[in-house]
Structures are given as structure tokens and as C-alpha cells.
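Only one structure is covered here, and it is reproduced in the block below.
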Amino acid sequence: MTTTTSVLSPVYPLGTRVNERGRLDIGGCDAVELVREFGTPVYVVAEDDLRARARAFVEALAARHGDYDVLFASKAFPCTAVYRLLAEEGLACDVASGGELFLALRGGFDPARIYFHGNAKSAGEVREAIQAGVGHIVIDSLHDLERVERVAAEMGRRQEVLLRITPGVAGDTHHAISTGQADSKFGFAPVDARAAIERLADTTHLDLVGLHFHIGSQLFELEPFRAAVRTLAALGDFPVYNVGGGVGVAYLASDRPPAVADYVDTIVAAVHSELGPDKRLLLEPGRALVANSAVTLYTVQTVKRNVSTWVAVDGGMSDNLRPMLYGSRYEALVADRPAAAADERCKLAGKHCESGDVLVRDVWLAAPAPGDVIATPVTGAYGYSLANNYNGVPRPPVLFCRDGAARVVVRRESYEDLAARDL
Ligand SMILES: Cc1ncc(COP(=O)(O)O)c(C=O)c1O
């Protein structure tokens, strides 16, 4: 029986293997046993993998730059246990709403190391952020600036802020997750940033300490980071620079994202040469911190063979919206026999009442049959956070697996939860 990891795609979490029973094994836990105990769909996080990814970024940056922080852009996986784990690993945190702020605080992040983002923050959210003592609010537009200033003044508080710049550099990514181009809903174009910087020089309640940019998500090229850093240099000299842009992650075995060391090298070199070596440098690698750490498990409900082979599982667009939103591609396998020949070309469909509810449009599976467990890897980013109750489907639980032990960190929603807010 196969006991090596070699049959598995490298996109699975570290330590995932085919175990002695010939089944998929994540964090030392047999996937089929997990399904027996916890049901499907279920998000399974390999805890050691999540910690290792955080450490890789922190260690790479610590080796190259003195004053730094690595930020967890928490929109990718905003659950308390993930916040807690990444806070334990020493990361700082980016939140983009009052709700994410609430969760980050609950997860144990020091408010001083929370960065509050958003292109449409409400006055209430700004108040919550200042009240909580967040270290920095990231100003996104002139109206945002006015609102943050007004709220800080009303509260009699002084608040450190960063200014979000749209450097006019488009990352090589899907338009829906590109953020750095000139025509963007986020940030100030450099020409408008000057007016905001002057305006902030006159305010008594806000301290502008630095600049931020985020040039997009799922970036495979590093050159746009260099170009974006160059645009910051022209805007003045600040003590803090927050360089954002989600490093690409491998969703498919054929994807070749940049190595962590190359990503950090590129940014540190650009910052040192364009801005100076003595800056406080914040890195925001985005989903690369969490995406590959989780696998979603489903149970096959039906297999229908017409023009295609339609393998329908008990989840879909309610637990992974990315294929429908961005056309994102995933791998899948039968977790009961991952080493068996995957010789049937299939469409992996969800259970929802939409023809577009297809998780993987083209995948080879090993003799799929009702009752089989299907694994889709790389669901640690934007699976949980974009989950919804379409068709009244309760959202899945989250399990953390480590050394053969599984613990539920988010329970499955119940039917009662579906009606919990109804009056
Ligand atoms: C400031 C900021 N950080 C992070 C992200 C998301 O990065 P990723 O998609 O790699 O998780 C975004 C996306 O819009 C963003 O604006």
C-alpha cells in the first residue's frame, strides 16, 4: 500500500500524505475518519502548515530588515482560532471592517498592532477602531480623511494614520482582485495623495506616519512591487511603509508562485534603495499566509453521466464562492483512495440551484461513486469568509488538525442558526 506523499499534488498542506489505509491524511488525521466524526462539508486546517507559513514570512523578513511587521490580511480567513494562532506567531493584523476588528481583538491581537482599512468606513466603525486603540487607521479618500478626523476630534483623541496610495501599477491578476491600478475604488492616486498629505499636515487629531499600497492579489510577478515602491519615494519621506499585495499561491500543481525569499528580497531591496534601510517596513502577503493550509472535504451525493460525468457533492457555492466569482480553478481527489488511478474526467458540481454552481470544471477522479469523500485543497483563503447560506445550507465547521488530533474551532451551523435573527 502506498505510504509516500509523492502521489499528492504539492498544493496540499505540509504533512498531508496517503496513509497506511490508502486514504488522505491531513495533520495526522485520516480524512475519511474525520468525515465520519464531523460530517461534510468541512474545512480542515493543518495547524502546523499554518504556523510554518507564518514563520516563513517572519523569518525571511527578520533576516533582511530590522524594524518590521508581517500583517495578516484577515479577510481571507477571519475566524477566532486563525486570528489566535497568527497572533501567537507574532503577526500583526489588517482588518477591513468593524466586524473583523471585533474578531481580531477576540482572537487576541494587540490593538496597537491592528491596521484598520476600508474604502467606505462608517463613522461608527471609525469610532470603534479609535476606541479599541488600533495602532493605525489607513485613510482611503478625502471623505474618509474628513470622517476619521471628525470622529477623532469628537472623541478628543489623536490617531496615527497611513495613507493608501494607488500607485498606478496593476498586478498580473484577475480584474476583480486587482487593486493598484489608477482606476480603482481603493486609495489615492499619487497626484491626489499630495493634497491629502498637505491636508494632514494641518490637522491636530491625525498623525500621518506613513504610506500604504496594495497592488492586487494572487500576484505571480514581483516586478510590480518594485515599480509601486518607486512611486512612494516621490511622495515624501515617512517613517512607516506598508507594502501590500497578495503573493500568488499555487491552487494547481502547475502554478509556480514566487518563493517567499524572492518576494521578501524584492520588496526589501526596493525599499532599501528607494526609501532607505531605516524605515519601519510592514509586509502584507495576503492569502499566501492561509490559502494552502486548508482542505475542504465533501461527500459525493450523486454521479450522473450524460455528455459529461457530473459528480455532485453536498456543498458548493455556499462554502467556496471563488470558482463562481473569479473562475478560480481547483484540484480535487477522492480521499478514500488518493493513490488510485484517476481515470474518469468529471465536473465536480455543488448542490445549489444554479447551473454555475460547479466547483471544478475539469478534474480526473478515481471511479467516483455516492458516499465517496472528495477533497478540494487550497481552501484556506476566502472559503470560510465568503461562505453563505444559499439554499438554506448551514455553513461548515472548521477543524484544526495536528499530530493526529482534530479539534472543532468553528462548529457547523444548525437550522436554528438559520432562523436565529428572524423576529
Ligand atoms: C489592504 C488589502 N490587504 C489585503 C488584501 C487581500 O489580499 P489577498 O487577496 O491576497 O488575501 C486586499 C484586497 O483587496 C487589500 O485591499
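Ligands are numbered from 1 in the order shown, chains are lettered A, B, ... in the order of the C-alpha cells, and residues start at 1 in each chain.
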As a compact mmCIF listing (two decimals) with N, CA and C atoms, in the first residue's frame, please: every protein or nucleic acid residue near ligand 1 (cut-off 7 Å, counting only C-alpha atoms and all ligand atoms).
# COMPACT_ATOMS: atom_id res chain seq x y z
N ALA A 73 -3.71 39.81 6.55
CA ALA A 73 -4.89 40.49 5.99
C ALA A 73 -6.07 39.56 6.25
N LYS A 75 -9.22 39.28 6.14
CA LYS A 75 -10.42 39.00 5.33
C LYS A 75 -10.37 37.59 4.72
N ALA A 76 -9.16 37.06 4.55
CA ALA A 76 -9.04 35.75 3.89
C ALA A 76 -9.57 34.61 4.77
N ASP A 94 -4.42 43.10 9.73
CA ASP A 94 -5.15 44.08 8.93
C ASP A 94 -6.62 43.70 9.00
N HIS A 117 -8.39 49.16 7.76
CA HIS A 117 -8.52 49.56 6.35
C HIS A 117 -9.98 49.76 5.98
N ILE A 177 -9.66 41.21 -8.48
CA ILE A 177 -8.78 41.24 -7.30
C ILE A 177 -7.55 42.09 -7.57
N THR A 179 -6.01 45.75 -7.35
CA THR A 179 -6.36 46.92 -6.53
C THR A 179 -5.48 48.13 -6.79
N HIS A 214 -1.52 48.55 -1.85
CA HIS A 214 -1.83 47.14 -2.08
C HIS A 214 -2.11 47.02 -3.57
N GLY A 216 -2.80 44.33 -5.46
CA GLY A 216 -3.63 43.26 -6.00
C GLY A 216 -3.35 41.95 -5.30
N SER A 217 -4.09 40.95 -5.67
CA SER A 217 -3.99 39.66 -5.02
C SER A 217 -3.53 38.61 -6.03
N GLN A 218 -2.99 37.54 -5.50
CA GLN A 218 -2.65 36.40 -6.34
C GLN A 218 -1.62 36.82 -7.40
N GLY A 244 1.77 46.28 0.40
CA GLY A 244 0.79 45.21 0.29
C GLY A 244 0.64 44.70 -1.13
N GLY A 245 0.17 43.50 -1.19
CA GLY A 245 -0.05 42.84 -2.48
C GLY A 245 0.04 41.37 -2.18
N GLY A 246 -1.04 40.66 -2.46
CA GLY A 246 -1.07 39.25 -2.10
C GLY A 246 -0.15 38.44 -2.98
N VAL A 247 0.80 37.77 -2.35
CA VAL A 247 1.69 36.89 -3.11
C VAL A 247 0.84 35.76 -3.67
N GLU A 284 2.48 42.74 3.74
CA GLU A 284 1.12 42.20 3.80
C GLU A 284 0.97 41.17 2.69
N PRO A 285 1.42 39.94 2.95
CA PRO A 285 1.45 38.95 1.87
C PRO A 285 0.10 38.36 1.49
N GLY A 286 -0.96 38.79 2.18
CA GLY A 286 -2.31 38.36 1.78
C GLY A 286 -2.55 36.88 1.99
N ARG A 287 -3.31 36.32 1.07
CA ARG A 287 -3.80 34.95 1.23
C ARG A 287 -2.70 33.90 1.34
N ALA A 288 -1.46 34.26 0.92
CA ALA A 288 -0.40 33.25 0.95
C ALA A 288 -0.15 32.75 2.37
N ALA A 381 -8.20 30.27 2.07
CA ALA A 381 -8.45 31.71 1.86
C ALA A 381 -9.76 31.88 1.12
Legend entry - region 95-98 of chain A surroundings by only C-alpha atoms, 10 Å radius, close-in-sequence under 5 positions cut, as a VMD selection string: chain A and resid 71 to 75 78 103 to 104 114 to 122 124 to 129 137 to 138
Can you list, as a CSV table (one decimal) with N, CA and C atoms, in the first residue's frame, every residue of region 217-407 of chain A that DSSP puts in strand (DSSP E or B)?
chain,number,residue,atom,x,y,z
A,219,LEU,N,-0.6,37.5,-6.9
A,219,LEU,CA,0.5,38.1,-7.8
A,219,LEU,C,1.6,37.0,-8.0
A,240,VAL,N,7.1,55.0,8.2
A,240,VAL,CA,6.4,53.7,8.1
A,240,VAL,C,6.0,53.5,6.6
A,241,TYR,N,6.3,52.3,6.1
A,241,TYR,CA,5.8,51.9,4.8
A,241,TYR,C,5.1,50.5,4.8
A,242,ASN,N,3.9,50.5,4.4
A,242,ASN,CA,3.2,49.2,4.4
A,242,ASN,C,3.0,48.7,2.9
A,243,VAL,N,3.8,47.7,2.6
A,243,VAL,CA,3.8,47.3,1.2
A,243,VAL,C,2.9,46.1,1.1
A,244,GLY,N,1.8,46.3,0.4
A,244,GLY,CA,0.8,45.2,0.3
A,244,GLY,C,0.6,44.7,-1.1
A,247,VAL,N,0.8,37.8,-2.3
A,247,VAL,CA,1.7,36.9,-3.1
A,247,VAL,C,0.8,35.8,-3.7
A,280,ARG,N,10.3,51.7,9.1
A,280,ARG,CA,9.5,50.6,9.6
A,280,ARG,C,8.8,50.0,8.4
A,281,LEU,N,9.1,48.7,8.1
A,281,LEU,CA,8.5,48.1,6.9
A,281,LEU,C,7.5,47.0,7.3
A,282,LEU,N,6.3,47.2,6.8
A,282,LEU,CA,5.2,46.3,7.0
A,282,LEU,C,4.9,45.5,5.7
A,283,LEU,N,4.9,44.2,5.8
A,283,LEU,CA,4.6,43.4,4.7
A,283,LEU,C,3.2,42.8,4.8
A,284,GLU,N,2.5,42.7,3.7
A,284,GLU,CA,1.1,42.2,3.8
A,284,GLU,C,1.0,41.2,2.7
A,294,ALA,N,-5.6,24.7,4.2
A,294,ALA,CA,-6.8,24.0,4.5
A,294,ALA,C,-7.3,23.3,3.2
A,295,VAL,N,-8.1,22.2,3.5
A,295,VAL,CA,-8.7,21.4,2.5
A,295,VAL,C,-10.1,21.3,2.9
A,296,THR,N,-11.0,21.3,1.9
A,296,THR,CA,-12.4,21.1,2.2
A,296,THR,C,-12.8,19.7,1.8
A,297,LEU,N,-13.5,19.0,2.7
A,297,LEU,CA,-14.0,17.7,2.4
A,297,LEU,C,-15.5,17.7,2.2
A,298,TYR,N,-15.9,16.9,1.1
A,298,TYR,CA,-17.3,16.8,0.8
A,298,TYR,C,-17.7,15.3,0.7
A,299,THR,N,-18.9,15.0,0.6
A,299,THR,CA,-19.4,13.7,0.3
A,299,THR,C,-20.1,13.7,-1.0
A,300,VAL,N,-19.8,12.7,-1.9
A,300,VAL,CA,-20.5,12.6,-3.1
A,300,VAL,C,-21.9,12.2,-2.9
A,301,GLN,N,-22.8,12.9,-3.4
A,301,GLN,CA,-24.3,12.5,-3.3
A,301,GLN,C,-24.7,11.8,-4.6
A,302,THR,N,-24.4,12.3,-5.7
A,302,THR,CA,-24.8,11.6,-7.0
A,302,THR,C,-23.7,11.7,-8.0
A,303,VAL,N,-23.8,10.7,-8.9
A,303,VAL,CA,-22.9,10.7,-10.1
A,303,VAL,C,-23.8,10.6,-11.3
A,304,LYS,N,-23.8,11.5,-12.2
A,304,LYS,CA,-24.7,11.4,-13.4
A,304,LYS,C,-23.8,11.5,-14.6
A,305,ARG,N,-24.0,10.5,-15.5
A,305,ARG,CA,-23.2,10.5,-16.7
A,305,ARG,C,-24.1,10.9,-17.9
A,309,THR,N,-19.4,13.6,-17.0
A,309,THR,CA,-19.7,12.9,-15.8
A,309,THR,C,-19.8,14.0,-14.7
A,310,TRP,N,-21.0,14.1,-14.1
A,310,TRP,CA,-21.3,15.1,-13.1
A,310,TRP,C,-21.3,14.5,-11.8
A,311,VAL,N,-20.2,14.9,-11.0
A,311,VAL,CA,-20.1,14.4,-9.6
A,311,VAL,C,-20.6,15.5,-8.7
A,312,ALA,N,-21.7,15.2,-8.0
A,312,ALA,CA,-22.3,16.3,-7.2
A,312,ALA,C,-22.1,16.0,-5.7
A,313,VAL,N,-21.6,17.0,-5.1
A,313,VAL,CA,-21.3,16.9,-3.6
A,313,VAL,C,-22.2,17.7,-2.8
A,333,LEU,N,-9.7,15.3,-5.4
A,333,LEU,CA,-9.4,13.9,-5.5
A,333,LEU,C,-10.4,13.2,-4.6
A,334,VAL,N,-10.4,11.8,-4.7
A,334,VAL,CA,-11.2,11.0,-3.9
A,334,VAL,C,-10.4,10.6,-2.7
A,344,GLU,N,-11.3,9.0,-14.7
A,344,GLU,CA,-12.6,9.5,-15.2
A,344,GLU,C,-12.7,11.0,-15.2
A,345,ARG,N,-12.9,11.6,-16.4
A,345,ARG,CA,-12.9,13.0,-16.5
A,345,ARG,C,-14.3,13.5,-16.0
A,346,CYS,N,-14.3,14.4,-15.0
A,346,CYS,CA,-15.5,14.8,-14.3
A,346,CYS,C,-15.7,16.3,-14.2
A,347,LYS,N,-16.9,16.7,-14.0
A,347,LYS,CA,-17.2,18.0,-13.5
A,347,LYS,C,-17.7,17.9,-12.0
A,348,LEU,N,-17.0,18.6,-11.1
A,348,LEU,CA,-17.4,18.5,-9.7
A,348,LEU,C,-18.4,19.6,-9.4
A,349,ALA,N,-19.6,19.2,-9.2
A,349,ALA,CA,-20.7,20.2,-9.1
A,349,ALA,C,-21.1,20.3,-7.6
A,358,VAL,N,-20.5,25.1,-10.0
A,358,VAL,CA,-19.6,24.0,-10.3
A,358,VAL,C,-18.2,24.3,-9.6
A,359,LEU,N,-17.8,23.5,-8.8
A,359,LEU,CA,-16.5,23.7,-8.0
A,359,LEU,C,-15.3,23.5,-8.9
A,360,VAL,N,-15.3,22.5,-9.6
A,360,VAL,CA,-14.1,22.2,-10.5
A,360,VAL,C,-14.7,21.7,-11.9
A,361,ARG,N,-14.4,22.5,-12.9
A,361,ARG,CA,-15.0,22.2,-14.2
A,361,ARG,C,-14.3,21.0,-14.9
A,362,ASP,N,-13.1,20.7,-14.6
A,362,ASP,CA,-12.4,19.7,-15.3
A,362,ASP,C,-11.5,19.0,-14.4
A,363,VAL,N,-11.8,17.8,-13.9
A,363,VAL,CA,-11.0,17.1,-13.0
A,363,VAL,C,-11.1,15.6,-13.2
A,364,TRP,N,-9.9,14.9,-13.1
A,364,TRP,CA,-9.9,13.5,-13.2
A,364,TRP,C,-10.1,12.9,-11.8
A,365,LEU,N,-11.1,12.0,-11.7
A,365,LEU,CA,-11.3,11.3,-10.4
A,365,LEU,C,-11.3,9.8,-10.6
A,373,VAL,N,-15.6,10.4,-0.3
A,373,VAL,CA,-15.2,11.7,0.2
A,373,VAL,C,-14.3,12.4,-0.8
A,374,ILE,N,-14.7,13.6,-1.2
A,374,ILE,CA,-13.9,14.4,-2.1
A,374,ILE,C,-13.2,15.5,-1.4
A,375,ALA,N,-11.9,15.6,-1.7
A,375,ALA,CA,-11.1,16.7,-1.1
A,375,ALA,C,-10.8,17.7,-2.1
A,376,THR,N,-11.0,19.0,-1.8
A,376,THR,CA,-10.5,20.1,-2.7
A,376,THR,C,-9.5,20.9,-1.8
A,377,PRO,N,-8.2,20.9,-2.3
A,377,PRO,CA,-7.2,21.6,-1.5
A,377,PRO,C,-7.3,23.1,-1.7
A,398,VAL,N,-15.1,24.4,11.0
A,398,VAL,CA,-13.7,24.4,10.8
A,398,VAL,C,-13.0,23.5,11.8
A,399,LEU,N,-12.1,22.6,11.3
A,399,LEU,CA,-11.4,21.7,12.2
A,399,LEU,C,-9.9,22.1,12.1
A,400,PHE,N,-9.2,22.1,13.2
A,400,PHE,CA,-7.8,22.2,13.2
A,400,PHE,C,-7.2,20.9,13.5
A,401,CYS,N,-6.3,20.4,12.7
A,401,CYS,CA,-5.7,19.0,12.9
A,401,CYS,C,-4.2,19.2,13.1
A,402,ARG,N,-3.8,18.4,14.0
A,402,ARG,CA,-2.3,18.4,14.4
A,402,ARG,C,-2.0,17.2,15.1
A,405,ALA,N,-4.6,14.7,16.0
A,405,ALA,CA,-5.8,15.1,16.8
A,405,ALA,C,-6.5,16.2,16.1
A,406,ALA,N,-7.9,16.1,16.1
A,406,ALA,CA,-8.7,17.1,15.4
A,406,ALA,C,-9.5,17.9,16.5
A,407,ARG,N,-9.6,19.2,16.4
A,407,ARG,CA,-10.5,19.9,17.3
A,407,ARG,C,-11.3,20.9,16.5
Inset, instruction - Output as a ChimeraX atom specification all residues of region 168-412 of chain A that backbone DSSP marks as helix (DSSP H, G or I). - result: /A:175-177,190-201,223-233,260-274,286-289,291-293,322-326,390-392
Inset, instruction - Might you pull out every residue within 12 Å of Gly392 (chain A), with only C-alpha atoms counted and same-chain residues fewer than 2 positions away left off, and present them as an NGL selection string? - result: :A and (315 or 318 or 351-353 or 387-390 or 394-395 or 413-419)
Those residues with N, CA and C atoms, as a compact mmCIF listing (two decimals), in the first residue's frame please?
# COMPACT_ATOMS: atom_id res chain seq x y z
N GLY A 315 -21.86 20.30 -0.92
CA GLY A 315 -21.55 21.73 -0.67
C GLY A 315 -21.58 22.45 -1.99
N SER A 318 -21.92 27.72 -1.55
CA SER A 318 -22.13 28.24 -0.20
C SER A 318 -20.87 28.12 0.66
N LYS A 351 -24.34 21.54 -4.76
CA LYS A 351 -25.73 21.12 -4.55
C LYS A 351 -26.73 22.26 -4.77
N HIS A 352 -26.24 23.43 -5.16
CA HIS A 352 -27.10 24.61 -5.20
C HIS A 352 -27.87 24.74 -6.51
N CYS A 353 -28.96 25.51 -6.41
CA CYS A 353 -29.87 25.62 -7.56
C CYS A 353 -29.37 26.66 -8.57
N ALA A 387 -18.35 32.31 2.69
CA ALA A 387 -19.41 31.30 2.83
C ALA A 387 -20.76 31.98 3.11
N ASN A 388 -21.79 31.33 2.71
CA ASN A 388 -23.14 31.92 2.80
C ASN A 388 -24.16 30.79 2.98
N ASN A 389 -25.41 31.18 3.14
CA ASN A 389 -26.47 30.19 3.41
C ASN A 389 -27.38 29.97 2.22
N TYR A 390 -26.87 30.16 1.02
CA TYR A 390 -27.72 29.98 -0.15
C TYR A 390 -28.38 28.59 -0.11
N PRO A 394 -26.56 25.20 5.92
CA PRO A 394 -25.76 25.67 7.07
C PRO A 394 -24.27 25.70 6.72
N ARG A 395 -23.58 26.71 7.21
CA ARG A 395 -22.15 26.81 6.88
C ARG A 395 -21.34 25.74 7.61
N GLU A 413 -23.03 25.23 11.43
CA GLU A 413 -24.28 25.96 11.67
C GLU A 413 -25.43 24.97 11.75
N SER A 414 -26.44 25.35 12.53
CA SER A 414 -27.62 24.50 12.65
C SER A 414 -28.78 25.16 11.89
N TYR A 415 -29.86 24.43 11.72
CA TYR A 415 -31.05 25.04 11.13
C TYR A 415 -31.55 26.19 12.01
N GLU A 416 -31.42 26.01 13.33
CA GLU A 416 -31.84 27.09 14.25
C GLU A 416 -31.03 28.35 13.99
N ASP A 417 -29.73 28.17 13.70
CA ASP A 417 -28.91 29.35 13.40
C ASP A 417 -29.47 30.09 12.17
N LEU A 418 -30.01 29.34 11.24
CA LEU A 418 -30.54 29.97 10.02
C LEU A 418 -31.68 30.92 10.35
N ALA A 419 -32.41 30.63 11.42
CA ALA A 419 -33.55 31.45 11.80
C ALA A 419 -33.25 32.35 13.00
Legend entry - Computed interatomic separation between CA of Ile215 (chain A) and CA of Tyr263 (chain A) (Å): 13.8 Å
Selection: 7 Å around Leu208 (chain A), only C-alpha atoms, excl. self and same-chain fewer than 6 positions, as a tab-separated table (two decimals) with N, CA and C atoms, in the first residue's frame:
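File written: around-v9.tsv
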chain	number	residue	atom	x	y	z
A	160	GLU	N	-2.84	57.83	14.91
A	160	GLU	CA	-1.85	57.68	13.83
A	160	GLU	C	-2.54	57.08	12.61
A	161	VAL	N	-2.19	57.60	11.45
A	161	VAL	CA	-2.80	57.10	10.21
A	161	VAL	C	-1.75	56.85	9.15
A	162	LEU	N	-2.10	55.96	8.23
A	162	LEU	CA	-1.33	55.77	6.99
A	162	LEU	C	-2.23	56.23	5.85
A	200	LEU	N	-3.24	66.69	5.83
A	200	LEU	CA	-2.95	66.02	7.09
A	200	LEU	C	-1.88	66.76	7.90
Inset, instruction - Identify which of the residues A:Arg113, A:Val408, A:Thr266, A:Leu163 lies closest to Leu61 (chain A), counting only C-alpha atoms when measuring atom-to-atom distances. - result: A:Thr266
Inset, instruction - Compile the contact shell of Arg21 (chain A) as JSON, numbers by chain: residues with an atom at most 12 Å away, counting only C-alpha atoms, same-chain residues fewer than 2 positions apart removed. - result: {"A": [1, 2, 3, 4, 17, 18, 19, 23, 24, 25, 29, 30, 31, 32, 33, 335, 336, 337, 338, 339]}
Inset, instruction - Give the answer as one residue: which of A:Glu274, A:Asp140, A:Asp67, A:Glu331 has the shortest atom-to-atom distance to Ala227 (chain A), using only C-alpha atoms? - result: A:Glu274
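You can rank A:Val35, A:Ala46, A:Val70, A:Val151 by their closest distance to Gln131 (chain A) using only C-alpha atoms, and at the top of that list sits A:Val151.
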Give me the residues near Ala250 (chain A) as a compact mmCIF listing (two decimals) with C-alpha atoms, in the first residue's frame, where near means some atom within 12 Å (using only C-alpha atoms) and where sequence neighbours in that chain fewer than 3 positions away do not count.
# COMPACT_ATOMS: atom_id res chain seq x y z
CA SER A 9 -0.04 17.42 -5.52
CA PRO A 10 2.28 19.91 -3.75
CA VAL A 11 -0.67 22.24 -3.15
CA TYR A 12 -1.81 20.21 -0.12
CA PRO A 13 -0.79 21.34 3.39
CA GLN A 218 -2.65 36.40 -6.34
CA LEU A 219 0.46 38.06 -7.84
CA PHE A 220 2.95 35.82 -9.62
CA VAL A 247 1.69 36.89 -3.11
CA ALA A 253 0.27 21.73 -9.12
CA SER A 254 1.31 23.57 -12.29
CA ASP A 255 1.14 27.03 -10.65
CA ARG A 256 4.56 28.50 -9.86
CA PRO A 257 4.18 31.27 -7.30
CA PRO A 258 7.20 33.26 -6.18
CA ALA A 259 9.24 31.80 -3.32
CA ARG A 287 -3.80 34.95 1.23
CA ALA A 288 -0.40 33.25 0.95
CA VAL A 290 -3.52 30.84 4.87
CA ALA A 291 -4.67 29.51 1.48
CA ASN A 292 -2.73 26.25 1.26
CA SER A 293 -3.28 25.33 4.91
CA SER A 328 -10.86 30.15 -9.94
CA ARG A 329 -9.55 26.68 -10.63
CA TYR A 330 -9.07 23.92 -8.09
CA GLU A 331 -7.85 20.35 -7.89
CA PRO A 377 -7.23 21.63 -1.49
CA VAL A 378 -6.25 25.31 -1.08
CA THR A 379 -9.48 26.46 0.54
CA ALA A 381 -8.45 31.71 1.86
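Of the listed residues (A:Ala193, A:Ala54, A:Leu386, A:Leu275), A:Leu275 comes nearest to Pro239 (chain A); the distances count only C-alpha atoms.
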